[in-house]
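**Q** Input: one structure, supplied below.
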There are 4 protein chains.
Amino acid sequence: MSKVLHVGLIGAGRIGQVHAATIAYRVSNAQLAAVTDALPSAAQAVAAKFRVPQIAVDYSAILADPSIDAVLICTPTDTHAEIIIAAAHAGKHIFCEKPVALNLKDTDAAIQAAERAGVKLQVGFNRRFDANYARVRKAVADGEIGTPQIIHIISRDPAPPPIEYIKTSGGIFLDMAIHDWDMARFLIGGEIDEAYAQGGVMVDPAIGAAGDIDTHVTLLRFANGAIGTVDNSRKAVYGYDQRVEVFGSQGCIHTENNYPNNSVLSTADSVRRDLPLHFFMQRYVDAFAAEIEAFVDAIAGDHPAPVDGHDGRMALVVGLAAQKSYMERRPVKISEIG
Amino acid sequence: MSKVLHVGLIGAGRIGQVHAATIAYRVSNAQLAAVTDALPSAAQAVAAKFRVPQIAVDYSAILADPSIDAVLICTPTDTHAEIIIAAAHAGKHIFCEKPVALNLKDTDAAIQAAERAGVKLQVGFNRRFDANYARVRKAVADGEIGTPQIIHIISRDPAPPPIEYIKTSGGIFLDMAIHDWDMARFLIGGEIDEAYAQGGVMVDPAIGAAGDIDTHVTLLRFANGAIGTVDNSRKAVYGYDQRVEVFGSQGCIHTENNYPNNSVLSTADSVRRDLPLHFFMQRYVDAFAAEIEAFVDAIAGDHPAPVDGHDGRMALVVGLAAQKSYMERRPVKISEIG
Amino acid sequence: MSKVLHVGLIGAGRIGQVHAATIAYRVSNAQLAAVTDALPSAAQAVAAKFRVPQIAVDYSAILADPSIDAVLICTPTDTHAEIIIAAAHAGKHIFCEKPVALNLKDTDAAIQAAERAGVKLQVGFNRRFDANYARVRKAVADGEIGTPQIIHIISRDPAPPPIEYIKTSGGIFLDMAIHDWDMARFLIGGEIDEAYAQGGVMVDPAIGAAGDIDTHVTLLRFANGAIGTVDNSRKAVYGYDQRVEVFGSQGCIHTENNYPNNSVLSTADSVRRDLPLHFFMQRYVDAFAAEIEAFVDAIAGDHPAPVDGHDGRMALVVGLAAQKSYMERRPVKISEIG
Amino acid sequence: MSKVLHVGLIGAGRIGQVHAATIAYRVSNAQLAAVTDALPSAAQAVAAKFRVPQIAVDYSAILADPSIDAVLICTPTDTHAEIIIAAAHAGKHIFCEKPVALNLKDTDAAIQAAERAGVKLQVGFNRRFDANYARVRKAVADGEIGTPQIIHIISRDPAPPPIEYIKTSGGIFLDMAIHDWDMARFLIGGEIDEAYAQGGVMVDPAIGAAGDIDTHVTLLRFANGAIGTVDNSRKAVYGYDQRVEVFGSQGCIHTENNYPNNSVLSTADSVRRDLPLHFFMQRYVDAFAAEIEAFVDAIAGDHPAPVDGHDGRMALVVGLAAQKSYMERRPVKISEIG
């Protein structure tokens with residue numbers, strides 16, 4: 001593609017701004033053509049900061065603009081499927097934040113719409129583009145650790161979100177863990193076939209009162225025989241804890257957290273370093289940019305999106321299985337879900 | 001106790017020799033008084049090396065010797081219970097290698113015999129005395145990480161034992177994992193109430209043919225609400241992999257492996273270090289000594305053994321639950337076992 | 001300053017492009033107004049990539065433009081002083097790449113011109129803005145390690161520059177080490193008063209043939225009594241090696257290298273990680289941006305430049321002392337130089 | 001040698017007890033035959049603890065005993081040379097704590113006496129037997145880092161010794177640094193030819209009042225062209241700091257400190273570990289044993305002592321050069337000393 005890709009941004013909140021910055025500053029063959037947000041001031045702020053030439057009244061206006069090639073959907077989850085379907089009908093390539101939807105029906109409808117329209121649909125599993133996890137994936141894919149046998153994923157937030165967010169989040173298994181189900185599939189390079197979840201309310205009783213839990217460890221079995229765990233807590237007092245380990249027949253690869261600096265201070269008390277990068281906006285800043293670059297490259301080179309609708313669907317399926325497992329206190333096969 | 005403790009060694013194999021060396025060289029208020037082994041040459045070798053004054057024809061002769069205060073039982077597992085009961089009847093304090101037995105009936109009989117006789121019974125869970133794990137336990141006990149919520153235990157051997165050993169070992173859940181069930185209880189400071197195991201034959205089909213598996217991850221729930229995992233593999237190509245992590249409301253403590261040196265080599269290829277200490281005889285050399293010192297101290301000071309029959313029993317119970325869970329493909333409550 | 005700072009870029013080579021990107025993408029209150037380069041195609045490329053509205057025929061045209069507030073001087077070293085003086089006369093604030101000049105006369109003339117004109121002059125010692133070194137400086141300044149007593153600076157390149165570059169570089173003590181003399185002063189927070197250098201040609205005889213050496217360790221004494229070393233090699237096969245350590249009465253702080261990822265791979269051979277970030281364009285990417293942000297902030301807030309002409313001069317003075325020490329094989333007092 | 005080596009211990013203080021324990025517990029082909037000390041109670045205590053059959057009234061009695069093959073000299077430094085000479089005349093193999101003497105005349109006399117008598121003389125540079133440093137030496141000797149070019153040795157004590165000790169110690173260059181001069185020669189595998197020392201009184205003015213300094217960094221040049229530094233402080237508040245780094249044409253190897261455990265604690269404050277092993281009795285416990293084992297092996301196998309009188313002499317020579325350098329504020333050639 002010799003021409004510059006024209007991108008419409010639908011949703012100008014926190015993550016929308018991150019992606020706007022990537023298009024504006026890091027991707028030479030794409031530019032922001034329009035932005036919209038339910039909150040006009042948010043759209044205006046993004047337009048001003050990133051010199052976006054057009055503020056659209058709503059996403060329909062963006063989809064109706066024939067000069068726009070692709071959209072980034074950064075709106076609340078419950079609008080994702082509707083906008084994907086409309087964008088597909090309008091022939092736009094689609095980058096959509098995760099998850100596609102909190103239920104399979106909407107997810108499947110969105111995926112089908114994109115497939116029928118022949119547009120690319122990429123789901124925002126940014127962690128695949130993180131340097132640590134990409135290195136782990138490379139080790140597995142290249143056979144550096146032989147046949148993968150065991151995986152452990154640790155993903156703990158520095159603090160829980162507001163209770164109001166919790167209430168509409170879909171619960172820890174669909175909200176927080178959605179990245180981890182994807183990471184498990186990505187790193188192992190195969191499908192999960194069973195989940196058994198244990199957990200509880202350990203951080204804040206208000207989370208329990210809202211019908212959710214805040215801590216779980218889920219044991220997974222993969223179709224290829226590998227086994228593994230996902231460990232989530234809504235509160236790690238030392239900050240964002242994001243690590244994985246894959247063990248195989250010829251070795252093991254694990255990742256450490258990322259830190260704001262690599263200084264080590266020794267005093268009469270201890271040998272210590274500063275806390276890890278605090279949360280996802282610090283830790284995954286490069287991964288957020290890399291996923292948008294990959295999306296633009298997929299369109300430009302007309303090759304498949306690196307994380308597609310199927311990936312989005314499977315993360316949801318595993319999340320639903322883990323959720324069901326927790327509710328029914330038994331291992332749940334993925335095939336029970338869909 | 002002003003007098004020196006006289007110790008009889010029953011079983012002069014590999015671990016018996018380790019304990020003999022501890023008594024001979026590191027414990028000033030104890031000395032080896034007699035040794036016996038089913039293989040006379042083994043007893044003779046230990047007697048010569050550690051200057052043990054008496055080689056007994058069998059363990060009965062040691063138990064009949066009124067000058068002997070305590071025995072170290074380092075024989076095959078299937079003889080442990082019988083010797084414990086006899087030693088208790090003879091009024092000897094008892095250190096017995098783990099496990100006490102592979103079934104609850106014999107275990108309970110052994111524990112009761114020691115209790116009725118009023119002798120101390122310590123079980124050889126040496127890892128409690130390892131500097132890394134003792135530090136983790138201290139962190140939990142002192143509240144350095146707040147309320148413990150999640151525990152992960154990784155315990156992987158450098159290579160599987162001979163198939164002949166596997167056949168009589170009791171299986172991975174009772175043999176290899178027995179240390180890890182104890183470690184889980186020790187580090188959390190509470191009882192396990194449910195186990196769900198996933199695993200398989202990933203290392204060597206011959207292990208499967210022998211009726212065992214070689215790899216598992218078991219998800220545990222504790223009575224206090226904490227959750228955790230034990231990860232075992234019979235073969236880590238990089239050597240003995242022994243790590244734990246405990247995550248709590250106020251922090252997290254994890255341990256790294258131990259290495260033969262702390263040198264880091266940077267070349268055009270990589271930044272690397274030598275492999276970890278290869279196996280338990282290297283890694284736990286100090287822990288083996290410390291558990292014997294603690295046993296002697298418990299007798300000398302007449303305080304409870306730091307790892308007792310109940311600890312031995314509970315590790316077995318959890319192992320039986322994990323084994324049942326694996327066989328029946330469902331979570332098993334500890335209360336189902338005993 | 002409510003208005004946006006208009007910046008002229010003089011020199012559009014590698015480092016000029018780095019600074020252009022910073023102004024274009026990361027600094028909201030500054031924008032590139034013009035660019036020039038001895039090679040017109042270089043200026044054109046930068047103008048196109050960063051949307052710079054004006055390509056100037058030479059630096060005089062930029063200085064003559066009354067709408068331009070500040071200039072970034074990224075030309076060869078032997079032109080720095082002349083351009084600084086002209087820019088000062090034109091009333092422009094000045095950011096100049098290090099070193100100001102390779103001799104004291106030109107350096108002093110440049111500094112005086114800026115002072116007389118009342119414009120800010122910042123020298124491009126980017127490493128002060130690196131997260132690791134900034135953390136070390138903070139530890140020293142805040143008293144976290146008590147009184148600083150010993151400093152060690154290691155600064156090794158992955159490979160030597162072309163011999164043609166070596167010939168006009170001013171030599172290792174003025175070229176490569178110039179950053180390190182500044183780092184020593186910055187981290188200790190005081191002046192150096194003596195240098196003694198040892199070194200030689202260890203990497204490539206052609207460097208020796210060009211009249212330079214490629215390896216040295218220089219022992220420094222500071223006016224406050226602290227002592228320290230600078231260690232430079234033109235070739236570390238494992239990549240850019242950039243570490244410091246400051247030891248004090250209450251502790252010690254040291255830094256590790258930065259890596260492309262934090263993954264650790266264990267195999268039957270070793271426990272290893274990938275090589276450090278390869279060279280300064282990778283390692284100091286954020287520091288290059290931060291120094292330009294600080295320059296813009298200094299102008300916007302009308303406070304002193306964080307690295308000024310005096311800093312540039314003192315790094316040169318120490319370099320000349322180290323060079324003299326090496327040539328004369330004796331410790332040289334800074335006061336001998338100027 | 002099929003027979004057991006009979007060893008006499010001359011000096012039953014702290015280090016004498018360490019060596020007694022090694023002979024008693026870790027060396028199967030040697031045993032303690034006699035012990036003496038200027039303080040009879042010290043000799044009695046060692047005899048009792050390690051079951052030494054004979055307490056000699058003085059070292060002459062030990063030397064006169066024809067059944068004794070070798071002696072360990074652990075007396076104050078000013079007696080070493082005299083006892084070495086006497087022991088050599090008596091035909092005993094000799095292990096002597098470092099340094100042989102604080103002057104060259106006595107050192108040379110001792111070395112010559114041993115050579116003429118044809119007995120082995122090993123000097124107590126225990127650090128050569130430390131696992132970290134042995135690994136570094138192996139990397140250099142095996143060419144893992146190519147040609148060694150730069151070495152850095154850091155050796156800092158947790159706290160200064162009593163002032164009374166300082167007064168008779170010979171000063172920091174001959175006392176504390178003596179190990180480091182040897183380490184420099186050992187790791188590089190070549191001789192030092194120049195030293196330039198900078199330092200001062202930074203820890204305690206009383207050390208200055210006693211005529212010594214407490215902190216120095218000495219820059220060394222080796223005959224093979226390599227360069228390096230030794231960094232000594234009498235007080236590192238975080239404990240014993242013992243690290244080296246050797247940089248070469250094909251790589252770099254460095255060592256970290258040793259710790260009592262490998263646990264890492266993350267809390268809301270920091271990510272930290274416990275302090276390093278506190279002092280030499282903890283850090284070098286295995287090295288002390290290994291050097292005695294090597295001494296016994298050298299006698300048993302009749303091969304050269306791994307650290308001989310020449311090594312002892314050269315460490316002294318470098319120390320005298322560094323001392324002279326510091327006093328005269330100039331680089332001093334080793335050839336100026338002897």
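Ordering of the structure tokens sets the chain letters (A, B, ...); residue numbers start at 1 within each chain; ligands are numbered from 1 in the order shown.
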If the cut-off is 10 Å, can you tell me the residues of chain D near chain A, counting only C-alpha atoms? I'd like them as a PyMOL selection string.
**A** chain D and resi 158+236-239+264-276
**Q** May I have the residues from that selection written out with C-alpha atoms, as a CSV table (one decimal), in the first residue's frame?
**A**
```csv
chain,number,residue,atom,x,y,z
D,158,PRO,CA,31.6,-4.3,57.3
D,236,ALA,CA,30.5,-0.9,54.2
D,237,VAL,CA,27.4,-0.5,56.3
D,238,TYR,CA,25.6,-3.2,54.3
D,239,GLY,CA,28.2,-5.8,55.2
D,264,VAL,CA,13.2,-11.5,47.6
D,265,LEU,CA,10.5,-9.5,49.4
D,266,SER,CA,8.2,-7.1,47.7
D,267,THR,CA,6.2,-4.7,49.7
D,268,ALA,CA,4.6,-1.3,49.3
D,269,ASP,CA,8.1,0.2,50.0
D,270,SER,CA,10.6,-1.7,47.8
D,271,VAL,CA,11.7,-5.0,46.3
D,272,ARG,CA,14.5,-6.2,48.6
D,273,ARG,CA,16.6,-8.9,50.0
D,274,ASP,CA,18.5,-9.5,53.2
D,275,LEU,CA,22.0,-8.2,53.6
D,276,PRO,CA,25.0,-10.1,52.1
```
**Q** Write out as a PyMOL selection string all residues of region 2-61 of chain C that DSSP puts in strand (DSSP E or B) for this structure's backbone.
**A** chain C and resi 5-10+30-36+55
**Q** Which of these, A:Ala21, A:Asn262, A:Ile85, A:Val285, has the shortest distance to Asp130 (chain C) once you count only C-alpha atoms?
**A** A:Asn262
**Q** Which neighbours of Ile145 (chain B) fall inside 7 Å, counting only C-alpha atoms, when residues of the same chain fewer than 4 positions from it are skipped, and could you give them as a count of residues only?
**A** 7
**Q** Work out how far apart CA of Phe50 (chain D) and CA of Ala20 (chain B) are and give it in Å to one decimal.
**A**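 Those two atoms sit 17.1 Å apart.
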**Q** Quick one: distance from CA of Ala290 (chain D) to CA of Ser67 (chain D) in Å, one decimal?
**A**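 Taking CA of Ala290 (chain D) as the start and CA of Ser67 (chain D) as the end point, the length is 24.4 Å.
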